[in-house]
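Data file: run.pdb. Format and content: PDB, N, CA and C atoms.
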ATOM      1  N   MET A   1     -12.061 143.069  77.554
ATOM      2  CA  MET A   1     -13.483 143.114  77.821
ATOM      3  C   MET A   1     -14.044 141.707  78.013
ATOM      4  N   ILE A   2     -13.476 140.744  77.270
ATOM      5  CA  ILE A   2     -13.938 139.357  77.409
ATOM      6  C   ILE A   2     -13.600 138.833  78.797
ATOM      7  N   ALA A   3     -12.381 139.097  79.254
ATOM      8  CA  ALA A   3     -11.973 138.651  80.593
ATOM      9  C   ALA A   3     -12.842 139.300  81.655
ATOM     10  N   ALA A   4     -13.177 140.560  81.494
ATOM     11  CA  ALA A   4     -14.029 141.256  82.460
ATOM     12  C   ALA A   4     -15.446 140.694  82.439
ATOM     13  N   HIS A   5     -15.955 140.425  81.247
ATOM     14  CA  HIS A   5     -17.315 139.909  81.120
ATOM     15  C   HIS A   5     -17.481 138.556  81.819
ATOM     16  N   TYR A   6     -16.490 137.678  81.645
ATOM     17  CA  TYR A   6     -16.582 136.348  82.237
ATOM     18  C   TYR A   6     -15.946 136.262  83.619
ATOM     19  N   GLY A   7     -15.473 137.384  84.160
ATOM     20  CA  GLY A   7     -14.926 137.404  85.508
ATOM     21  C   GLY A   7     -13.626 136.645  85.661
ATOM     22  N   CYS A   8     -12.831 136.597  84.626
ATOM     23  CA  CYS A   8     -11.530 135.909  84.668
ATOM     24  C   CYS A   8     -10.503 136.850  85.297
ATOM     25  N   SER A   9     -10.453 136.870  86.614
ATOM     26  CA  SER A   9      -9.603 137.840  87.296
ATOM     27  C   SER A   9      -8.122 137.608  87.029
ATOM     28  N   ASP A  10      -7.686 136.357  86.871
ATOM     29  CA  ASP A  10      -6.267 136.118  86.613
ATOM     30  C   ASP A  10      -5.841 136.666  85.249
ATOM     31  N   VAL A  11      -6.683 136.521  84.251
ATOM     32  CA  VAL A  11      -6.390 137.061  82.918
ATOM     33  C   VAL A  11      -6.401 138.585  82.959
ATOM     34  N   PHE A  12      -7.378 139.137  83.638
ATOM     35  CA  PHE A  12      -7.500 140.587  83.741
ATOM     36  C   PHE A  12      -6.325 141.170  84.524
ATOM     37  N   ASP A  13      -5.915 140.492  85.594
ATOM     38  CA  ASP A  13      -4.749 140.928  86.363
ATOM     39  C   ASP A  13      -3.497 140.953  85.489
ATOM     40  N   ASN A  14      -3.296 139.900  84.710
ATOM     41  CA  ASN A  14      -2.121 139.846  83.839
ATOM     42  C   ASN A  14      -2.147 140.959  82.793
ATOM     43  N   LEU A  15      -3.323 141.291  82.292
ATOM     44  CA  LEU A  15      -3.450 142.389  81.341
ATOM     45  C   LEU A  15      -3.045 143.710  81.999
ATOM     46  N   ILE A  16      -3.550 143.958  83.197
ATOM     47  CA  ILE A  16      -3.235 145.194  83.920
ATOM     48  C   ILE A  16      -1.742 145.258  84.229
ATOM     49  N   ILE A  17      -1.166 144.157  84.680
ATOM     50  CA  ILE A  17       0.266 144.123  85.005
ATOM     51  C   ILE A  17       1.099 144.419  83.766
ATOM     52  N   SER A  18       0.737 143.829  82.628
ATOM     53  CA  SER A  18       1.461 144.087  81.382
ATOM     54  C   SER A  18       1.328 145.538  80.941
ATOM     55  N   LEU A  19       0.122 146.087  81.035
ATOM     56  CA  LEU A  19      -0.078 147.488  80.657
ATOM     57  C   LEU A  19       0.687 148.428  81.583
ATOM     58  N   CYS A  20       0.769 148.086  82.864
ATOM     59  CA  CYS A  20       1.511 148.933  83.810
ATOM     60  C   CYS A  20       2.987 148.996  83.444
ATOM     61  N   LYS A  21       3.522 147.914  82.889
ATOM     62  CA  LYS A  21       4.922 147.922  82.459
ATOM     63  C   LYS A  21       5.121 148.894  81.290
ATOM     64  N   PHE A  22       4.131 149.023  80.419
ATOM     65  CA  PHE A  22       4.228 149.946  79.285
ATOM     66  C   PHE A  22       4.146 151.407  79.712
ATOM     67  N   THR A  23       3.606 151.677  80.888
ATOM     68  CA  THR A  23       3.461 153.070  81.336
ATOM     69  C   THR A  23       4.787 153.710  81.704
ATOM     70  N   THR A  24       5.795 152.929  81.970
ATOM     71  CA  THR A  24       7.120 153.368  82.438
ATOM     72  C   THR A  24       7.074 154.083  83.787
ATOM     73  N   LEU A  25       5.939 154.046  84.464
ATOM     74  CA  LEU A  25       5.816 154.756  85.742
ATOM     75  C   LEU A  25       6.648 154.104  86.840
ATOM     76  N   THR A  26       6.752 152.801  86.832
ATOM     77  CA  THR A  26       7.489 152.131  87.906
ATOM     78  C   THR A  26       8.955 151.915  87.562
ATOM     79  N   SER A  27       9.334 152.092  86.319
ATOM     80  CA  SER A  27      10.725 151.832  85.928
ATOM     81  C   SER A  27      11.595 153.087  85.931
ATOM     82  N   GLU A  28      10.997 154.260  85.952
ATOM     83  CA  GLU A  28      11.755 155.511  85.908
ATOM     84  C   GLU A  28      11.939 156.086  87.303
ATOM     85  N   SER A  29      13.014 156.850  87.479
ATOM     86  CA  SER A  29      13.212 157.550  88.749
ATOM     87  C   SER A  29      12.238 158.729  88.813
ATOM     88  N   VAL A  30      11.966 159.174  90.020
ATOM     89  CA  VAL A  30      10.997 160.255  90.219
ATOM     90  C   VAL A  30      11.474 161.540  89.545
ATOM     91  N   GLU A  31      12.777 161.763  89.519
ATOM     92  CA  GLU A  31      13.324 162.987  88.920
ATOM     93  C   GLU A  31      13.106 163.009  87.405
ATOM     94  N   ASN A  32      13.234 161.849  86.748
ATOM     95  CA  ASN A  32      13.096 161.769  85.292
ATOM     96  C   ASN A  32      11.670 161.534  84.827
ATOM     97  N   LEU A  33      10.806 161.143  85.737
ATOM     98  CA  LEU A  33       9.460 160.722  85.354
ATOM     99  C   LEU A  33       8.665 161.773  84.581
ATOM    100  N   PRO A  34       8.618 163.036  85.021
ATOM    101  CA  PRO A  34       7.812 164.006  84.257
ATOM    102  C   PRO A  34       8.263 164.152  82.805
ATOM    103  N   THR A  35       9.556 164.146  82.572
ATOM    104  CA  THR A  35      10.076 164.302  81.220
ATOM    105  C   THR A  35       9.833 163.062  80.372
ATOM    106  N   VAL A  36      10.178 161.898  80.933
ATOM    107  CA  VAL A  36      10.067 160.645  80.179
ATOM    108  C   VAL A  36       8.605 160.308  79.910
ATOM    109  N   PHE A  37       7.769 160.397  80.941
ATOM    110  CA  PHE A  37       6.359 160.065  80.787
ATOM    111  C   PHE A  37       5.651 161.090  79.898
ATOM    112  N   GLY A  38       6.009 162.354  80.046
ATOM    113  CA  GLY A  38       5.376 163.408  79.261
ATOM    114  C   GLY A  38       5.689 163.346  77.778
ATOM    115  N   SER A  39       6.836 162.791  77.432
ATOM    116  CA  SER A  39       7.211 162.743  76.021
ATOM    117  C   SER A  39       6.886 161.405  75.358
ATOM    118  N   ASN A  40       6.330 160.471  76.103
ATOM    119  CA  ASN A  40       6.047 159.134  75.579
ATOM    120  C   ASN A  40       4.533 158.930  75.472
ATOM    121  N   THR A  41       3.990 159.092  74.272
ATOM    122  CA  THR A  41       2.533 158.958  74.103
ATOM    123  C   THR A  41       2.070 157.517  74.303
ATOM    124  N   LYS A  42       2.930 156.565  74.007
ATOM    125  CA  LYS A  42       2.586 155.157  74.231
ATOM    126  C   LYS A  42       2.391 154.893  75.733
ATOM    127  N   ALA A  43       3.271 155.450  76.545
ATOM    128  CA  ALA A  43       3.155 155.291  78.003
ATOM    129  C   ALA A  43       1.908 155.986  78.533
ATOM    130  N   GLN A  44       1.602 157.156  78.002
ATOM    131  CA  GLN A  44       0.407 157.884  78.434
ATOM    132  C   GLN A  44      -0.863 157.129  78.067
ATOM    133  N   THR A  45      -0.894 156.559  76.865
ATOM    134  CA  THR A  45      -2.055 155.783  76.431
ATOM    135  C   THR A  45      -2.218 154.534  77.286
ATOM    136  N   ALA A  46      -1.108 153.872  77.608
ATOM    137  CA  ALA A  46      -1.171 152.687  78.469
ATOM    138  C   ALA A  46      -1.684 153.059  79.854
ATOM    139  N   ALA A  47      -1.232 154.187  80.395
ATOM    140  CA  ALA A  47      -1.690 154.624  81.714
ATOM    141  C   ALA A  47      -3.183 154.946  81.692
ATOM    142  N   LYS A  48      -3.624 155.642  80.667
ATOM    143  CA  LYS A  48      -5.059 155.969  80.553
ATOM    144  C   LYS A  48      -5.884 154.691  80.458
ATOM    145  N   THR A  49      -5.406 153.719  79.691
ATOM    146  CA  THR A  49      -6.116 152.449  79.553
ATOM    147  C   THR A  49      -6.174 151.699  80.880
ATOM    148  N   VAL A  50      -5.054 151.672  81.601
ATOM    149  CA  VAL A  50      -5.013 150.997  82.905
ATOM    150  C   VAL A  50      -6.026 151.618  83.852
ATOM    151  N   PHE A  51      -6.027 152.941  83.946
ATOM    152  CA  PHE A  51      -6.938 153.603  84.883
ATOM    153  C   PHE A  51      -8.394 153.499  84.441
ATOM    154  N   ASP A  52      -8.642 153.518  83.141
ATOM    155  CA  ASP A  52     -10.011 153.322  82.646
ATOM    156  C   ASP A  52     -10.510 151.914  82.955
ATOM    157  N   LEU A  53      -9.657 150.914  82.738
ATOM    158  CA  LEU A  53     -10.043 149.528  83.036
ATOM    159  C   LEU A  53     -10.277 149.328  84.529
ATOM    160  N   ALA A  54      -9.423 149.910  85.343
ATOM    161  CA  ALA A  54      -9.594 149.795  86.795
ATOM    162  C   ALA A  54     -10.879 150.484  87.249
ATOM    163  N   HIS A  55     -11.195 151.598  86.615
ATOM    164  CA  HIS A  55     -12.421 152.309  86.968
ATOM    165  C   HIS A  55     -13.666 151.500  86.602
ATOM    166  N   CYS A  56     -13.654 150.917  85.413
ATOM    167  CA  CYS A  56     -14.828 150.187  84.929
ATOM    168  C   CYS A  56     -14.935 148.773  85.503
ATOM    169  N   HIS A  57     -13.804 148.107  85.684
ATOM    170  CA  HIS A  57     -13.821 146.692  86.064
ATOM    171  C   HIS A  57     -12.962 146.404  87.289
ATOM    172  N   GLY A  58     -12.835 147.351  88.176
ATOM    173  CA  GLY A  58     -12.002 147.172  89.362
ATOM    174  C   GLY A  58     -12.483 146.079  90.292
ATOM    175  N   ASN A  59     -13.743 145.697  90.180
ATOM    176  CA  ASN A  59     -14.293 144.677  91.077
ATOM    177  C   ASN A  59     -13.726 143.285  90.810
ATOM    178  N   ILE A  60     -13.160 143.038  89.635
ATOM    179  CA  ILE A  60     -12.594 141.706  89.376
ATOM    180  C   ILE A  60     -11.074 141.698  89.460
ATOM    181  N   LEU A  61     -10.466 142.859  89.719
ATOM    182  CA  LEU A  61      -9.011 142.917  89.869
ATOM    183  C   LEU A  61      -8.589 142.323  91.202
ATOM    184  N   ARG A  62      -7.481 141.622  91.221
ATOM    185  CA  ARG A  62      -6.928 141.081  92.464
ATOM    186  C   ARG A  62      -5.479 141.563  92.597
ATOM    187  N   GLU A  63      -4.550 140.854  91.977
ATOM    188  CA  GLU A  63      -3.128 141.192  92.053
ATOM    189  C   GLU A  63      -2.791 142.458  91.272
ATOM    190  N   GLY A  64      -3.604 142.828  90.325
ATOM    191  CA  GLY A  64      -3.350 144.009  89.497
ATOM    192  C   GLY A  64      -3.397 145.313  90.269
ATOM    193  N   TRP A  65      -4.127 145.318  91.404
ATOM    194  CA  TRP A  65      -4.215 146.536  92.203
ATOM    195  C   TRP A  65      -2.851 146.977  92.708
ATOM    196  N   LYS A  66      -1.978 146.022  92.984
ATOM    197  CA  LYS A  66      -0.637 146.358  93.473
ATOM    198  C   LYS A  66       0.092 147.224  92.449
ATOM    199  N   ASN A  67       0.044 146.841  91.192
ATOM    200  CA  ASN A  67       0.707 147.607  90.145
ATOM    201  C   ASN A  67       0.050 148.971  89.936
ATOM    202  N   ILE A  68      -1.263 149.015  90.034
ATOM    203  CA  ILE A  68      -1.969 150.291  89.883
ATOM    204  C   ILE A  68      -1.578 151.237  91.008
ATOM    205  N   MET A  69      -1.517 150.725  92.231
ATOM    206  CA  MET A  69      -1.155 151.579  93.364
ATOM    207  C   MET A  69       0.306 152.016  93.289
ATOM    208  N   GLU A  70       1.187 151.161  92.804
ATOM    209  CA  GLU A  70       2.589 151.562  92.611
ATOM    210  C   GLU A  70       2.683 152.685  91.582
ATOM    211  N   SER A  71       1.892 152.597  90.528
ATOM    212  CA  SER A  71       1.874 153.652  89.511
ATOM    213  C   SER A  71       1.342 154.960  90.096
ATOM    214  N   MET A  72       0.290 154.857  90.874
ATOM    215  CA  MET A  72      -0.277 156.052  91.517
ATOM    216  C   MET A  72       0.729 156.682  92.481
ATOM    217  N   LEU A  73       1.433 155.845  93.215
ATOM    218  CA  LEU A  73       2.432 156.347  94.154
ATOM    219  C   LEU A  73       3.565 157.064  93.423
ATOM    220  N   GLN A  74       3.988 156.531  92.293
ATOM    221  CA  GLN A  74       5.026 157.200  91.496
ATOM    222  C   GLN A  74       4.526 158.552  90.976
ATOM    223  N   LEU A  75       3.279 158.595  90.525
ATOM    224  CA  LEU A  75       2.708 159.871  90.075
ATOM    225  C   LEU A  75       2.629 160.866  91.223
ATOM    226  N   PHE A  76       2.301 160.387  92.421
ATOM    227  CA  PHE A  76       2.236 161.245  93.605
ATOM    228  C   PHE A  76       3.625 161.781  93.943
ATOM    229  N   ARG A  77       4.624 160.895  93.956
ATOM    230  CA  ARG A  77       5.995 161.319  94.282
ATOM    231  C   ARG A  77       6.530 162.334  93.278
ATOM    232  N   ALA A  78       6.176 162.168  92.016
ATOM    233  CA  ALA A  78       6.636 163.081  90.968
ATOM    234  C   ALA A  78       5.761 164.330  90.883
ATOM    235  N   GLN A  79       4.774 164.428  91.738
ATOM    236  CA  GLN A  79       3.834 165.556  91.783
ATOM    237  C   GLN A  79       3.135 165.764  90.449
ATOM    238  N   LEU A  80       2.672 164.642  89.861
ATOM    239  CA  LEU A  80       1.960 164.690  88.584
ATOM    240  C   LEU A  80       0.461 164.454  88.730
ATOM    241  N   LEU A  81      -0.006 164.252  89.950
ATOM    242  CA  LEU A  81      -1.444 164.048  90.157
ATOM    243  C   LEU A  81      -2.151 165.396  90.187
ATOM    244  N   PRO A  82      -3.397 165.444  89.731
ATOM    245  CA  PRO A  82      -4.137 166.708  89.782
ATOM    246  C   PRO A  82      -4.383 167.141  91.222
ATOM    247  N   LYS A  83      -4.548 168.424  91.397
ATOM    248  CA  LYS A  83      -4.722 169.018  92.727
ATOM    249  C   LYS A  83      -5.879 168.389  93.495
ATOM    250  N   VAL A  84      -6.930 168.038  92.798
ATOM    251  CA  VAL A  84      -8.118 167.458  93.431
ATOM    252  C   VAL A  84      -7.815 166.114  94.113
ATOM    253  N   MET A  85      -6.783 165.405  93.627
ATOM    254  CA  MET A  85      -6.440 164.103  94.194
ATOM    255  C   MET A  85      -5.464 164.201  95.370
ATOM    256  N   VAL A  86      -4.882 165.367  95.588
ATOM    257  CA  VAL A  86      -3.913 165.506  96.672
ATOM    258  C   VAL A  86      -4.366 166.514  97.720
ATOM    259  N   GLU A  87      -5.631 166.848  97.730
ATOM    260  CA  GLU A  87      -6.184 167.743  98.738
ATOM    261  C   GLU A  87      -7.315 167.055  99.488
ATOM    262  N   MET A  88      -7.421 167.396 100.765
ATOM    263  CA  MET A  88      -8.493 166.870 101.609
ATOM    264  C   MET A  88      -9.180 168.029 102.311
ATOM    265  N   GLU A  89     -10.382 167.758 102.784
ATOM    266  CA  GLU A  89     -11.083 168.758 103.576
ATOM    267  C   GLU A  89     -10.417 168.886 104.935
ATOM    268  N   ASP A  90     -10.295 170.108 105.394
ATOM    269  CA  ASP A  90      -9.737 170.374 106.716
ATOM    270  C   ASP A  90     -10.551 171.501 107.338
ATOM    271  N   PHE A  91     -11.145 171.202 108.473
ATOM    272  CA  PHE A  91     -12.025 172.186 109.093
ATOM    273  C   PHE A  91     -11.263 173.230 109.896
ATOM    274  N   VAL A  92      -9.968 173.012 110.119
ATOM    275  CA  VAL A  92      -9.155 173.964 110.865
ATOM    276  C   VAL A  92      -8.624 175.064 109.950
ATOM    277  N   GLU A  93      -8.237 174.689 108.749
ATOM    278  CA  GLU A  93      -7.684 175.655 107.800
ATOM    279  C   GLU A  93      -8.778 176.626 107.338
ATOM    280  N   PRO A  94      -8.433 177.894 107.172
ATOM    281  CA  PRO A  94      -9.431 178.874 106.732
ATOM    282  C   PRO A  94     -10.014 178.595 105.346
ATOM    283  N   ASN A  95      -9.188 178.033 104.441
ATOM    284  CA  ASN A  95      -9.697 177.782 103.093
ATOM    285  C   ASN A  95     -10.434 176.449 102.997
ATOM    286  N   GLY A  96     -10.400 175.648 104.064
ATOM    287  CA  GLY A  96     -11.151 174.394 104.098
ATOM    288  C   GLY A  96     -10.474 173.222 103.433
ATOM    289  N   LYS A  97      -9.249 173.388 102.943
ATOM    290  CA  LYS A  97      -8.522 172.316 102.263
ATOM    291  C   LYS A  97      -7.106 172.238 102.811
ATOM    292  N   ILE A  98      -6.546 171.037 102.770
ATOM    293  CA  ILE A  98      -5.147 170.838 103.136
ATOM    294  C   ILE A  98      -4.517 169.923 102.101
ATOM    295  N   SER A  99      -3.285 170.220 101.720
ATOM    296  CA  SER A  99      -2.590 169.428 100.715
ATOM    297  C   SER A  99      -1.916 168.228 101.359
ATOM    298  N   LEU A 100      -1.942 167.098 100.680
ATOM    299  CA  LEU A 100      -1.278 165.899 101.174
ATOM    300  C   LEU A 100       0.197 165.884 100.811
ATOM    301  N   GLN A 101       0.612 166.771  99.922
ATOM    302  CA  GLN A 101       2.013 166.843  99.525
ATOM    303  C   GLN A 101       2.729 167.853 100.409
ATOM    304  N   ARG A 102       3.882 167.441 100.890
ATOM    305  CA  ARG A 102       4.669 168.329 101.732
ATOM    306  C   ARG A 102       5.376 169.362 100.883
ATOM    307  N   GLU A 103       5.411 170.557 101.399
ATOM    308  CA  GLU A 103       6.167 171.610 100.739
ATOM    309  C   GLU A 103       7.517 171.684 101.422
ATOM    310  N   GLU A 104       8.586 171.649 100.638
ATOM    311  CA  GLU A 104       9.914 171.728 101.218
ATOM    312  C   GLU A 104      10.194 173.141 101.677
ATOM    313  N   MET A 105      10.681 173.236 102.897
ATOM    314  CA  MET A 105      11.030 174.529 103.466
ATOM    315  C   MET A 105      12.487 174.821 103.126
ATOM    316  N   PRO A 106      12.783 176.051 102.733
ATOM    317  CA  PRO A 106      14.181 176.390 102.447
ATOM    318  C   PRO A 106      14.993 176.355 103.737
ATOM    319  N   SER A 107      16.199 175.807 103.669
ATOM    320  CA  SER A 107      17.038 175.739 104.859
ATOM    321  C   SER A 107      17.744 177.073 105.079
ATOM    322  N   ASN A 108      18.016 177.389 106.330
ATOM    323  CA  ASN A 108      18.645 178.659 106.687
ATOM    324  C   ASN A 108      20.148 178.499 106.880
ATOM    325  N   ARG A 109      20.776 177.558 106.247
ATOM    326  CA  ARG A 109      22.217 177.327 106.431
ATOM    327  C   ARG A 109      23.026 178.141 105.503
TER     328      ARG A 109
END

Now, as a test, write the supplied structure out as structure tokens.
Amino acid sequence: MIAAHYGCSDVFDNLIISLCKFTTLTSESVENLPTVFGSNTKAQTAAKTVFDLAHCHGNILREGWKNIMESMLQLFRAQLLPKVMVEMEDFVEPNGKISLQREEMPSNR
């Protein structure tokens, strides 16, 4: 909070980068991520803190955004993001929404 108050972006970036390492989101494979992240409360707390800090003080983040986006991308790949974050409006579809996640089609081999 002190770094955010005084606009010390380098200190705040280093805090975000360190917290992102505790989330284990970038160090785990996509296949293991739901199990490892789901069973690690320390990683979940670090992720919540990172996203809360980015939400409240994102205007002073510089290099830290890279780590936040890598974490978000890992959550997207592991299909752990809420439905609201992976859907967009689509005026062609009858239900008015389209998913950003691809559904794998079963092969006919």

Tell me which of A:Val86, A:Leu75, A:Val11, A:Ala47 sits closest to Ile98 (chain A), counting all atoms listed in the file.
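Counting all atoms listed in the file, the residue closest to Ile98 (chain A) is A:Val86.
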
Draw an axis-aligned box tight on the listed atoms of region 3-14 of chain A, then pad every side by 3 Å and write out centre and edge lengths in Å to one decimal as AutoDock Vina command-line options.
--center_x -9.8 --center_y 138.6 --center_z 83.3 --size_x 21.4 --size_y 11.3 --size_z 14.0

Answer key for the PyMOL selection byres (((chain A and resi 27 and name CA) around 12) and name CA), residues as a PyMOL selection string:
chain A and resi 20-26+28-33+36-37+43+67+70-71+74

Restricting the output to N, CA and C atoms, write the selected residues as a short mmCIF file (atom, residue, chain, number, x, y, z; two decimals), in the frame of the given file.
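The file below, part.cif, is the result:
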data_model
loop_
_atom_site.label_atom_id
_atom_site.label_comp_id
_atom_site.auth_asym_id
_atom_site.auth_seq_id
_atom_site.Cartn_x
_atom_site.Cartn_y
_atom_site.Cartn_z
N CYS A 20 0.77 148.09 82.86
CA CYS A 20 1.51 148.93 83.81
C CYS A 20 2.99 149.00 83.44
N LYS A 21 3.52 147.91 82.89
CA LYS A 21 4.92 147.92 82.46
C LYS A 21 5.12 148.89 81.29
N PHE A 22 4.13 149.02 80.42
CA PHE A 22 4.23 149.95 79.28
C PHE A 22 4.15 151.41 79.71
N THR A 23 3.61 151.68 80.89
CA THR A 23 3.46 153.07 81.34
C THR A 23 4.79 153.71 81.70
N THR A 24 5.80 152.93 81.97
CA THR A 24 7.12 153.37 82.44
C THR A 24 7.07 154.08 83.79
N LEU A 25 5.94 154.05 84.46
CA LEU A 25 5.82 154.76 85.74
C LEU A 25 6.65 154.10 86.84
N THR A 26 6.75 152.80 86.83
CA THR A 26 7.49 152.13 87.91
C THR A 26 8.96 151.92 87.56
N GLU A 28 11.00 154.26 85.95
CA GLU A 28 11.76 155.51 85.91
C GLU A 28 11.94 156.09 87.30
N SER A 29 13.01 156.85 87.48
CA SER A 29 13.21 157.55 88.75
C SER A 29 12.24 158.73 88.81
N VAL A 30 11.97 159.17 90.02
CA VAL A 30 11.00 160.26 90.22
C VAL A 30 11.47 161.54 89.54
N GLU A 31 12.78 161.76 89.52
CA GLU A 31 13.32 162.99 88.92
C GLU A 31 13.11 163.01 87.40
N ASN A 32 13.23 161.85 86.75
CA ASN A 32 13.10 161.77 85.29
C ASN A 32 11.67 161.53 84.83
N LEU A 33 10.81 161.14 85.74
CA LEU A 33 9.46 160.72 85.35
C LEU A 33 8.66 161.77 84.58
N VAL A 36 10.18 161.90 80.93
CA VAL A 36 10.07 160.65 80.18
C VAL A 36 8.60 160.31 79.91
N PHE A 37 7.77 160.40 80.94
CA PHE A 37 6.36 160.06 80.79
C PHE A 37 5.65 161.09 79.90
N ALA A 43 3.27 155.45 76.54
CA ALA A 43 3.16 155.29 78.00
C ALA A 43 1.91 155.99 78.53
N ASN A 67 0.04 146.84 91.19
CA ASN A 67 0.71 147.61 90.14
C ASN A 67 0.05 148.97 89.94
N GLU A 70 1.19 151.16 92.80
CA GLU A 70 2.59 151.56 92.61
C GLU A 70 2.68 152.68 91.58
N SER A 71 1.89 152.60 90.53
CA SER A 71 1.87 153.65 89.51
C SER A 71 1.34 154.96 90.10
N GLN A 74 3.99 156.53 92.29
CA GLN A 74 5.03 157.20 91.50
C GLN A 74 4.53 158.55 90.98
#

Find the distance between atom C of Ala3 (chain A) and atom C of Leu19 (chain A) and write it in Å to one decimal.
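Computing it gives 16.3 Å between the two atoms.
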
Expected answer as a VMD selection string: all residues with atoms within 9 Å of (-8.0, 141.0, 77.7), only C-alpha atoms:
chain A and resid 1 to 4 11 to 12 14 to 16

As an exercise, work out the distance from CA of His57 (chain A) to atom C of Lys42 (chain A) in Å and give it to one decimal place.
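Spanning CA of His57 (chain A) to atom C of Lys42 (chain A) is a straight-line distance of 20.9 Å.
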
Measure the distance from CA of Lys48 (chain A) to CA of Glu63 (chain A) in Å and round it to one decimal.
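It comes out at 18.8 Å.
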
Taking the DSSP assignment computed from this structure's backbone, write out as a PDB file with N, CA and C atoms, in the frame of the given file all residues of region 63-104 of chain A that belong to alpha helix (DSSP H).
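Result file follows (part-v3.pdb):
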ATOM      1  N   GLY A  64      -3.604 142.828  90.325  1.00  0.00           N
ATOM      2  CA  GLY A  64      -3.350 144.009  89.497  1.00  0.00           C
ATOM      3  C   GLY A  64      -3.397 145.313  90.269  1.00  0.00           C
ATOM      4  N   TRP A  65      -4.127 145.318  91.404  1.00  0.00           N
ATOM      5  CA  TRP A  65      -4.215 146.536  92.203  1.00  0.00           C
ATOM      6  C   TRP A  65      -2.851 146.977  92.708  1.00  0.00           C
ATOM      7  N   LYS A  66      -1.978 146.022  92.984  1.00  0.00           N
ATOM      8  CA  LYS A  66      -0.637 146.358  93.473  1.00  0.00           C
ATOM      9  C   LYS A  66       0.092 147.224  92.449  1.00  0.00           C
ATOM     10  N   ASN A  67       0.044 146.841  91.192  1.00  0.00           N
ATOM     11  CA  ASN A  67       0.707 147.607  90.145  1.00  0.00           C
ATOM     12  C   ASN A  67       0.050 148.971  89.936  1.00  0.00           C
ATOM     13  N   ILE A  68      -1.263 149.015  90.034  1.00  0.00           N
ATOM     14  CA  ILE A  68      -1.969 150.291  89.883  1.00  0.00           C
ATOM     15  C   ILE A  68      -1.578 151.237  91.008  1.00  0.00           C
ATOM     16  N   MET A  69      -1.517 150.725  92.231  1.00  0.00           N
ATOM     17  CA  MET A  69      -1.155 151.579  93.364  1.00  0.00           C
ATOM     18  C   MET A  69       0.306 152.016  93.289  1.00  0.00           C
ATOM     19  N   GLU A  70       1.187 151.161  92.804  1.00  0.00           N
ATOM     20  CA  GLU A  70       2.589 151.562  92.611  1.00  0.00           C
ATOM     21  C   GLU A  70       2.683 152.685  91.582  1.00  0.00           C
ATOM     22  N   SER A  71       1.892 152.597  90.528  1.00  0.00           N
ATOM     23  CA  SER A  71       1.874 153.652  89.511  1.00  0.00           C
ATOM     24  C   SER A  71       1.342 154.960  90.096  1.00  0.00           C
ATOM     25  N   MET A  72       0.290 154.857  90.874  1.00  0.00           N
ATOM     26  CA  MET A  72      -0.277 156.052  91.517  1.00  0.00           C
ATOM     27  C   MET A  72       0.729 156.682  92.481  1.00  0.00           C
ATOM     28  N   LEU A  73       1.433 155.845  93.215  1.00  0.00           N
ATOM     29  CA  LEU A  73       2.432 156.347  94.154  1.00  0.00           C
ATOM     30  C   LEU A  73       3.565 157.064  93.423  1.00  0.00           C
ATOM     31  N   GLN A  74       3.988 156.531  92.293  1.00  0.00           N
ATOM     32  CA  GLN A  74       5.026 157.200  91.496  1.00  0.00           C
ATOM     33  C   GLN A  74       4.526 158.552  90.976  1.00  0.00           C
ATOM     34  N   LEU A  75       3.279 158.595  90.525  1.00  0.00           N
ATOM     35  CA  LEU A  75       2.708 159.871  90.075  1.00  0.00           C
ATOM     36  C   LEU A  75       2.629 160.866  91.223  1.00  0.00           C
ATOM     37  N   PHE A  76       2.301 160.387  92.421  1.00  0.00           N
ATOM     38  CA  PHE A  76       2.236 161.245  93.605  1.00  0.00           C
ATOM     39  C   PHE A  76       3.625 161.781  93.943  1.00  0.00           C
ATOM     40  N   ARG A  77       4.624 160.895  93.956  1.00  0.00           N
ATOM     41  CA  ARG A  77       5.995 161.319  94.282  1.00  0.00           C
ATOM     42  C   ARG A  77       6.530 162.334  93.278  1.00  0.00           C
TER      43      ARG A  77
END

Ranking A:Ile17, A:His5, A:Glu89, A:Leu100 by minimum distance to Ile68 (chain A) and counting all atoms listed in the file, which one comes first?
A:Ile17

Which of A:His55, A:Lys97, A:Thr45, A:Ser9 sits closest to Lys83 (chain A) [using only C-alpha atoms]
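Checking each candidate against Lys83 (chain A), we get A:Lys97 as the closest.
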